[in-house]
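Undergrad: This structure is in structure tokens; I'll ask about it shortly.
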Amino acid sequence: MTARATLGAGLLLCLVGQAAAQAEPLAPQKQAHTALAIVVGSNRGPSASIAQLRYADDDALANERMARMLGMTTTVLVTLDEETRTLFPALGKPQRASRTNLSEAFATARARTREARARGQSTSLHFFFAGHGDTEAGRPFLQLDDARLWPEDLADGLSTIAADETHVIIDACYGTRFVGTRGPGGQRASLAPGFSTAVGPRWPPRTGFLTARSASGQTHEWAEFQAGIFSHEARSGLIGGADVDDDGRITYRELAAFVTQANAAVPNMKYRPQVVANPPKGDLDATLAILPVGPMALRIDARPTGHTIIETEAGVRLADLHPGPGQDLTLRLPLNMGSLFVQRLRPEAEYRIEPQAHVRLSNLQAAPPRAHARGAAQESFRQLFALPFDRDVAANYTAPTLGVEAWREEVEPSRAQQTWGWATLGVGLASTLAGTAFGISAHMLSNEADGATGLQRSELGDRIDQRNTAATVLISTGLIASAVGAGLLWWQTSQQGTEP
């Protein structure tokens, strides 16, 4: 082969190779996965005696914003209060968190899942809820704007969507019991077309749950976060704060360990949220979220960082984190909320970030903070994010689950109290009735003794005394037992009626 021919062949191979190199990435660029999110938030209280929440609507907007940043196609159902509408005037009026709109959201997600499957794509669905939870007759529910959402309803709606993976994240009182319930079941009417009337929830096969609980049984909001504490912590981890191995994905183990560490220094157990993770198939290393390449990526690489806050110029708190020594993290942040500020609390410093693709904290110039931390309604919350989070914390994390053990822990005490209450009340009533019977019998013998004489009258007197004594003991015991039983039942009812 001549030199010219050799050169021509080489050029041809080079061009073919270049074309192949340019064409090869086209397959990975084709979206192989469709991620969907249904986001629900409601401030409404489940009864007139329970105050409305203040920040459930803010949590819904923040969850929806985060889901979009993570590449999910979102549907948000929330009614905004005046404060939130003023803060986000461009949002308009989202669909309210009603049972009809939720049923339609399930139908839309179901259609999108079928379309994605027809294109050969895998699918995932994230369901976020922020709002009130409560129980009725021992059965947990979540409060929508106009109705109660029972576990069977949510399980059936998610099952009809039939995504390859489903992830349920709930910030509500009784949220742990809601997703862990195995009973008591019972037939009832459907909430709306498309909802279930099945006995007990039947969750889709590959469903994972993340909820929170505390020693008081409540979940809490905090004005400084302008959010529910658990919701804010979960978002802080999902946008990258929990990605300690820097592999671009958040696992159940990482997020649960992140939230647990964030709360570990809170001294009062009543205010310390405990995250409860039950991942699909029980695998704590299952992926909960994938971090996209964009939009804005902030590399937290300046040491030491300590407790760090990211917020917008309008004061909207986007994330809190506390990287351990030598622990780098990359956060995904919005590009459409103007300038962002990174505040380091100890020692105090602040960094301003203008919207751009990639930023390293080490390349930014520190400045004195614009304002110091605001006063807290609950000083216990000042200890949130006080401890550093790193790979060792995540690796050593072991989580309580939502299996039978969690169900027993949360439900059996109330059932036992109810059982003892009714049993004691029943014993009291029976004892009172028996005592009354003895009293009536003594009275009848007394009438009989009036016509008797001698020895017969003496014998009847002894029997009358015995029955009067029995009546006094039984009636007294019965009244005490009835009071104790009624007290146990009243206490359980009052506890259910006052928890949010």
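Each chain in the structure tokens gets a letter, A, B, ..., in the order shown, and its residues are numbered from 1; ligands are numbered from 1 in order too.
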Which polymer residues have any atom within 8 Å of an atom of A:Leu298, counting only C-alpha atoms, with same-chain residues fewer than 5 positions away left out, as JSON, numbers by chain?

TA: {"A": [330, 331, 332, 333, 358, 359, 360, 361]}

Undergrad: Those selected residues, please, written with N, CA and C atoms and delivered as a PDB file, in the first residue's frame.

TA:
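To be explicit, this is the file written out as selection.pdb:
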ATOM      1  N   THR A 330     -21.449  17.510  47.732  1.00  0.00           N
ATOM      2  CA  THR A 330     -21.917  18.308  46.604  1.00  0.00           C
ATOM      3  C   THR A 330     -23.433  18.428  46.679  1.00  0.00           C
ATOM      4  N   LEU A 331     -23.916  19.667  46.788  1.00  0.00           N
ATOM      5  CA  LEU A 331     -25.346  19.919  46.882  1.00  0.00           C
ATOM      6  C   LEU A 331     -25.902  20.365  45.539  1.00  0.00           C
ATOM      7  N   ARG A 332     -27.135  19.952  45.253  1.00  0.00           N
ATOM      8  CA  ARG A 332     -27.847  20.446  44.069  1.00  0.00           C
ATOM      9  C   ARG A 332     -28.773  21.560  44.536  1.00  0.00           C
ATOM     10  N   LEU A 333     -28.643  22.734  43.918  1.00  0.00           N
ATOM     11  CA  LEU A 333     -29.380  23.916  44.353  1.00  0.00           C
ATOM     12  C   LEU A 333     -30.118  24.548  43.172  1.00  0.00           C
ATOM     13  N   HIS A 358     -21.554  25.332  38.340  1.00  0.00           N
ATOM     14  CA  HIS A 358     -20.768  24.623  39.343  1.00  0.00           C
ATOM     15  C   HIS A 358     -19.984  25.631  40.178  1.00  0.00           C
ATOM     16  N   VAL A 359     -20.016  25.437  41.496  1.00  0.00           N
ATOM     17  CA  VAL A 359     -19.362  26.351  42.421  1.00  0.00           C
ATOM     18  C   VAL A 359     -18.613  25.535  43.471  1.00  0.00           C
ATOM     19  N   ARG A 360     -17.406  25.996  43.800  1.00  0.00           N
ATOM     20  CA  ARG A 360     -16.670  25.427  44.923  1.00  0.00           C
ATOM     21  C   ARG A 360     -16.646  26.432  46.056  1.00  0.00           C
ATOM     22  N   LEU A 361     -16.996  25.976  47.238  1.00  0.00           N
ATOM     23  CA  LEU A 361     -17.006  26.881  48.376  1.00  0.00           C
ATOM     24  C   LEU A 361     -15.611  27.446  48.637  1.00  0.00           C
TER      25      LEU A 361
END

Undergrad: Report as a ChimeraX atom specification: the residues of stretch 77-137 of chain A with a DSSP assignment of strand (DSSP E or B), based on the backbone of this structure.

TA: /A:77-78,95,122-130,133-136

Undergrad: Quick one: pull the distance between atom CA of A:Asn447 and atom CA of A:Thr469, Å, one decimal.

TA: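 Spanning atom CA of A:Asn447 to atom CA of A:Thr469 is a straight-line distance of 17.6 Å.
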
Undergrad: Determine the nearest neighbour of A:Arg44 from the options A:Leu142, A:Leu488, A:Ala62, A:Val259, counting only C-alpha atoms.

TA: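 Between A:Leu142, A:Leu488, A:Ala62, A:Val259, the residue approaching A:Arg44 most closely is A:Leu142.
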
Undergrad: What's the separation between atom CA of A:Gln274 and atom CA of A:Tyr174, in Å to one decimal place?

TA: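 That distance, rounded to one decimal, is 12.5 Å.
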